[in-house]
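J.: For reference, the structure I am asking about is given below.
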Amino acid sequence: MSYSSKLSAMAKRRPVRASLIFLLLILLTAFGVIVPVFALLPSLNSHSHRLFRHHQDHSELKKVQTRKFEIDDDMFWKDGKPFQIIGGDIHYFRTLPEYWEDRLLRAKALGLNTIQTYIPWNLHEPQPGNFTFSGIADIVSFIQLCQKLDFLVLLRAGPYICAEWDLGGFPAWLLARKPAPTLRSSDPGYLQWVERWWGIILPKVAPLLYNNGGPIIMVQIENEFGSYGDDQAYLHHLVKLARGHLGNEVILYTTDGGTRETLEKGTIRGDAVFSAVDFSTGERPWPIFNLQKEFNAPGKSPPLSAEFYTGWLTHWGENIATTDADSTAAALREILAGQGSAVLYMAHGGTNFGFYNGANTGDSALDYKPDLTSYDYDAPIKESGDIDNAKYDAIRRVIQRYSGALLPSAPSNIEKIGYGPIHLQKSAFLFDLIHMIDPVDVFISEEPLSMESVDQSFGFLLYATKYVAKDNEDGHVLFIPKVHDRAQVFLSCSSRNKGVRPASVGIIERWSNRRLNLPNTRCDSNILYILVENMGRINYGRYLFDKKGILSSVYLDDNILYGWKMIPIPFNNLNEIPRVNSFSHIARSVHNKITAKRGLEVKHDNISSEPTLYTGYFYVDKVNLRKDTFLSFAGWTKGIAFVNDFNLGRFWPVVGPQCSLYVPAPILRLGKNVLVIVELESPNGEGVVHSVDRPDVSCGDSSYSNLSQLLTHQHSPRL
């Protein structure tokens, strides 16, 4: 029996007294005795004839089922009363669970009555059949918390989500399936995986639907599909799947850009699915809402901006994106004043912890633009939860005016602290640690294999091969036609000088695709190492199928190099339990042996351009001193950082604009805390990372318009 059938059967058995109580509550509400919790539409008197008609048409329904969210007369209705969605996106996977309630309370004080969130498939199924729904992936607890705090929920179930999230939420292992599936299409090879995933996730959230007693009022199908494809069979199949798991009562919706072309491609005509829109903040909303009506059934098109942009994303190498508080508030006012609904994207951005940041491209796949670790988004609730800013205040004033609700007081900011300088000791060279890897984990192939082909989703992949090159006074030329995303190249002489470290000879990047001059080593045999970093998969557009690693043959002096070893160096990602033999654990072990013999001073002659792990400690002496902090990487080059084995994400201060990484207090421990960083190039000359009490987004050189120009300039001395 479906959930809707069960609910109807239960409702029919209710005593008549329940209906009388409900009618009494309506009368009390009408006379202002009870203050409504959620925002009602203003100026309801002008719509009294529609209210009367609605109540008359649904009088029989209200007798048997009082809990219902529906669309009629181009309005949203909650339990028979008009409802204006004033919502905001808060992504559970970008905030630690310990801070979910804090961020939601700040959203409540902002005036929001609805929370919208995506479901990232790759977070919940990192390996085929390996599902996780705990910790930061505990979506059920997040939705239940929303309900506890009197929020309704809009659930964006995907399977594609975009969201500036790696591969738009798809698990990377999909890219290794044979034959290769066509993502976001009616390809059976793709749909079989979607059906399996939705067969897991949708039954989990079904009990939380509004008609089943939960807070979920609508579930989104796909995401902005009209900007990508025109496969109506695919969309209809998703609707059929969703209805099979969720029943016929819940409202399914799509979200597309507010143009005729995107709406024609991305919407499903008729009344089976509600079509919502999004558009740039500052565009005139009501002409777009009128266009929206053409793609919904008559009377079924309440104006809804499902992504009202409060800010914007930032890529590495760009100036930090900001938007004006007053103009943002004015644009929201225009929607709410006309009784439209809006969802702030974002209400709170959060952080791309681990390796989950996404990337974008321009017209070419070479125009690759990875996203920052921070997903602050210039939202009214900042990355660390701060709300003492002009945008929060301006939006709150608008919502207060048009919601008619008495808003709770805004909470104080969470206290931040700077723990001071953290002195780091070199723990190990990365190349020394690869010898500790189990040979079973090393892959061998004549041609290079992609990261996905060796069952790796994130981190780094080290390629190694031997070659014999004739002496050439001008050296040799290395060319990799297709590398995703950033390759550091090293040479080592295998026939002599056993104690000599591999020498860095340059960097090849996806966006420059340059040829690299190799020196003449005069060795009988050379070992070529190529360390490739996955900097985040593309999450939007036609280049979505974004494999990582070396994706072509490798040429030396126009001759193909064969005989490759691939050594995965994944490190720990956000949703992974640290392995006992993880690199950060190894680094700490080596570090402890070093410091047992000598002090913690960092010697300047230890500085190297070879990828190196550094370890340091800082202390939290009292429980009340365990506070949020930021780690400043000024003076360092590029790498990743772990605190107590939690992957904070990437730092790249020489490119910027992000200089610091956010460290939420729940990560910290009373007593000793361990910081391990992987510096890929050159460390801070003093070997120090500073713990500070505020973020810094002022790094990099703002005179260059994009990442390619900036890095071409930085690498020019090596050419």
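Here, A, B, ... name the chains of the structure tokens in the order displayed, residue numbers run from 1 inside each chain, and ligands are numbered from 1 in the same displayed order.
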Find the residues near A:Asn122: any atom within 6 Å, counting only C-alpha atoms, skip ones fewer than 6 places away on the same chain, and give them as a ChimeraX atom specification.

T.: /A:169-171

J.: Please identify all polymer residues within 9 Å of stretch 217-234 of chain A, counting only C-alpha atoms, omitting same-chain residues fewer than 4 positions from it, and present them as JSON, numbers by chain.

T.: {"A": [68, 69, 70, 118, 152, 153, 154, 155, 156, 157, 158, 159, 160, 161, 162, 184, 185, 186, 187, 191, 209, 210, 211, 238, 239, 242, 250, 251, 252, 253, 254, 255, 256, 257, 261, 262, 263, 264, 265, 266, 267, 268, 273, 277, 278, 540, 541, 542]}

J.: From a DSSP pass on the backbone, collect the residues of stretch 106-250 of chain A flagged as strand (DSSP E) and hand them back as a list of chain:residue names.

T.: A:Thr114, A:Ile115, A:Gln116, A:Thr117, A:Tyr118, A:Leu152, A:Val153, A:Leu154, A:Leu155, A:Arg156, A:Ile216, A:Ile217, A:Met218, A:Val219, A:Gln220

J.: Do you know which residues are at most 9 Å from A:Ser305 counting only C-alpha atoms, after dropping those on the same chain fewer than 4 positions away, and could you put them as a PyMOL selection string?

T.: chain A and resi 255+276-279+285+289+335+340-344

J.: Give me, as JSON lines, the closest atom pair and its distance (Å, one decimal) for every residue of stretch 363-433 of chain A within a cut-off of 12 Å of stretch 447-468 of chain A, counting only C-alpha atoms, rows sorted by chain and rising number.

T.:
{"residue": "A:Leu430", "atom": "CA", "partner": "A:Leu462", "partner_atom": "CA", "distance": 10.3}
{"residue": "A:Phe431", "atom": "CA", "partner": "A:Leu462", "partner_atom": "CA", "distance": 9.5}
{"residue": "A:Leu433", "atom": "CA", "partner": "A:Leu462", "partner_atom": "CA", "distance": 12.0}

J.: Calculate how many Å separate atom CA of A:Glu679 from atom CA of A:Thr612, rounding to one decimal.

T.: 5.4 Å

J.: I'd like the contact shell of A:Trp197 - 10 Å cut-off, only C-alpha atoms, skipping same-chain residues fewer than 2 positions apart - returned as a ChimeraX atom specification.

T.: /A:121,124-125,128-129,131,159,191-195,199-202

J.: Write a file of the selected residues as a PDB file, in the first residue's frame, keeping N, CA, C and O atoms.

T.:
ATOM      1  N   TRP A 121      25.093  12.501  -4.796  1.00  0.00           N
ATOM      2  CA  TRP A 121      25.204  11.048  -4.929  1.00  0.00           C
ATOM      3  C   TRP A 121      26.604  10.577  -4.544  1.00  0.00           C
ATOM      4  O   TRP A 121      26.768   9.568  -3.832  1.00  0.00           O
ATOM      5  N   HIS A 124      27.377   9.955  -0.873  1.00  0.00           N
ATOM      6  CA  HIS A 124      26.688   8.842  -0.238  1.00  0.00           C
ATOM      7  C   HIS A 124      27.081   7.481  -0.799  1.00  0.00           C
ATOM      8  O   HIS A 124      26.859   6.468  -0.135  1.00  0.00           O
ATOM      9  N   GLU A 125      27.636   7.446  -2.013  1.00  0.00           N
ATOM     10  CA  GLU A 125      28.081   6.170  -2.592  1.00  0.00           C
ATOM     11  C   GLU A 125      29.478   6.361  -3.194  1.00  0.00           C
ATOM     12  O   GLU A 125      29.660   6.357  -4.409  1.00  0.00           O
ATOM     13  N   PRO A 128      30.969   1.796  -5.670  1.00  0.00           N
ATOM     14  CA  PRO A 128      29.729   1.106  -6.040  1.00  0.00           C
ATOM     15  C   PRO A 128      29.239   0.168  -4.940  1.00  0.00           C
ATOM     16  O   PRO A 128      29.977  -0.710  -4.482  1.00  0.00           O
ATOM     17  N   GLY A 129      28.006   0.396  -4.496  1.00  0.00           N
ATOM     18  CA  GLY A 129      27.414  -0.453  -3.476  1.00  0.00           C
ATOM     19  C   GLY A 129      27.833  -0.136  -2.060  1.00  0.00           C
ATOM     20  O   GLY A 129      27.318  -0.729  -1.107  1.00  0.00           O
ATOM     21  N   PHE A 131      27.424   2.411   0.574  1.00  0.00           N
ATOM     22  CA  PHE A 131      26.605   3.573   0.892  1.00  0.00           C
ATOM     23  C   PHE A 131      26.916   4.077   2.297  1.00  0.00           C
ATOM     24  O   PHE A 131      27.163   3.290   3.220  1.00  0.00           O
ATOM     25  N   PRO A 159      19.408  13.090 -10.216  1.00  0.00           N
ATOM     26  CA  PRO A 159      20.717  12.611  -9.776  1.00  0.00           C
ATOM     27  C   PRO A 159      21.865  13.590 -10.045  1.00  0.00           C
ATOM     28  O   PRO A 159      22.914  13.486  -9.424  1.00  0.00           O
ATOM     29  N   LEU A 191      20.990   4.895 -16.849  1.00  0.00           N
ATOM     30  CA  LEU A 191      19.766   4.835 -16.040  1.00  0.00           C
ATOM     31  C   LEU A 191      19.764   3.662 -15.065  1.00  0.00           C
ATOM     32  O   LEU A 191      19.144   3.741 -14.000  1.00  0.00           O
ATOM     33  N   GLN A 192      20.459   2.576 -15.399  1.00  0.00           N
ATOM     34  CA  GLN A 192      20.464   1.448 -14.472  1.00  0.00           C
ATOM     35  C   GLN A 192      21.108   1.839 -13.144  1.00  0.00           C
ATOM     36  O   GLN A 192      20.679   1.380 -12.072  1.00  0.00           O
ATOM     37  N   TRP A 193      22.124   2.712 -13.206  1.00  0.00           N
ATOM     38  CA  TRP A 193      22.765   3.164 -11.974  1.00  0.00           C
ATOM     39  C   TRP A 193      21.891   4.171 -11.236  1.00  0.00           C
ATOM     40  O   TRP A 193      21.843   4.171 -10.004  1.00  0.00           O
ATOM     41  N   VAL A 194      21.209   5.042 -11.975  1.00  0.00           N
ATOM     42  CA  VAL A 194      20.288   5.992 -11.352  1.00  0.00           C
ATOM     43  C   VAL A 194      19.164   5.248 -10.635  1.00  0.00           C
ATOM     44  O   VAL A 194      18.800   5.589  -9.498  1.00  0.00           O
ATOM     45  N   GLU A 195      18.620   4.242 -11.298  1.00  0.00           N
ATOM     46  CA  GLU A 195      17.517   3.479 -10.700  1.00  0.00           C
ATOM     47  C   GLU A 195      17.958   2.810  -9.404  1.00  0.00           C
ATOM     48  O   GLU A 195      17.216   2.791  -8.418  1.00  0.00           O
ATOM     49  N   GLY A 199      16.627   3.938  -5.799  1.00  0.00           N
ATOM     50  CA  GLY A 199      16.005   2.869  -5.041  1.00  0.00           C
ATOM     51  C   GLY A 199      16.512   2.794  -3.613  1.00  0.00           C
ATOM     52  O   GLY A 199      15.876   2.190  -2.745  1.00  0.00           O
ATOM     53  N   ILE A 200      17.664   3.428  -3.353  1.00  0.00           N
ATOM     54  CA  ILE A 200      18.220   3.513  -1.998  1.00  0.00           C
ATOM     55  C   ILE A 200      17.787   4.811  -1.311  1.00  0.00           C
ATOM     56  O   ILE A 200      17.263   4.807  -0.194  1.00  0.00           O
ATOM     57  N   ILE A 201      17.995   5.944  -1.984  1.00  0.00           N
ATOM     58  CA  ILE A 201      17.825   7.241  -1.315  1.00  0.00           C
ATOM     59  C   ILE A 201      16.362   7.659  -1.194  1.00  0.00           C
ATOM     60  O   ILE A 201      15.953   8.211  -0.168  1.00  0.00           O
ATOM     61  N   LEU A 202      15.545   7.435  -2.223  1.00  0.00           N
ATOM     62  CA  LEU A 202      14.164   7.932  -2.155  1.00  0.00           C
ATOM     63  C   LEU A 202      13.335   7.227  -1.084  1.00  0.00           C
ATOM     64  O   LEU A 202      12.567   7.893  -0.371  1.00  0.00           O
TER      65      LEU A 202
END

J.: Near A:Ala503, counting only C-alpha atoms, which residues have an atom at most 10 Å away, once you skip same-chain residues fewer than 6 positions from it, shown as a list in words?

T.: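 So, after excluding close chain neighbours, the residues are Val489, Phe490, Leu491, Ser492, Cys493, Leu528, Tyr529, Ser608, Ser609 and Glu610 of chain A.
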
J.: Applying 12 Å and only C-alpha atoms, which residues near A:Pro439 remain after dropping the ones on its own chain fewer than 5 positions away? List them as a PyMOL selection string.

T.: chain A and resi 434+444+565-568

J.: Find the residues around stretch 671-676 of chain A up to 8 Å (only C-alpha atoms counted), leave out those fewer than 4 positions away in its own chain, and share them as number ranges by chain.

T.: A: 584, 587-588, 613-622, 641-645

J.: Suppose you want the space between atom CA of A:Arg106 and atom CA of A:Ile381; what is it in Å?

T.: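 Straight-line distance from atom CA of A:Arg106 to atom CA of A:Ile381 works out to 7.4 Å.
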
J.: Write out as a VMD selection string all residues of stretch 370-601 of chain A that backbone DSSP assigns to helix (DSSP H, G or I).

T.: chain A and resid 390 to 403 430 to 436 439 to 441 452 to 454 583 to 597

J.: Mind pulling up the distance from atom CA of A:Tyr392 to atom CA of A:Ile216?

T.: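 These atoms are spaced 25.6 Å apart.
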
J.: Using only C-alpha atoms, what table do you get, as a Markdown table, when you list each residue of stretch 126-236 of chain A with an atom no more than 6 Å from stretch 354-377 of chain A, its nearest pair of atoms, and their distance in Å rounded to one decimal, rows by chain then rising number?

T.:
| residue | atom | partner | partner_atom | distance |
| --- | --- | --- | --- | --- |
| A:Glu164 | CA | A:Gly358 | CA | 4.6 |
| A:Trp165 | CA | A:Gly358 | CA | 4.3 |
| A:Asp166 | CA | A:Gly358 | CA | 4.1 |

J.: Out of A:Ser660, A:Glu249, A:Glu383, A:Trp198, which residue has the shortest atom-to-atom distance to A:Asn352 when counting only C-alpha atoms?

T.: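 So, comparing all the options, the nearest one is A:Glu383.
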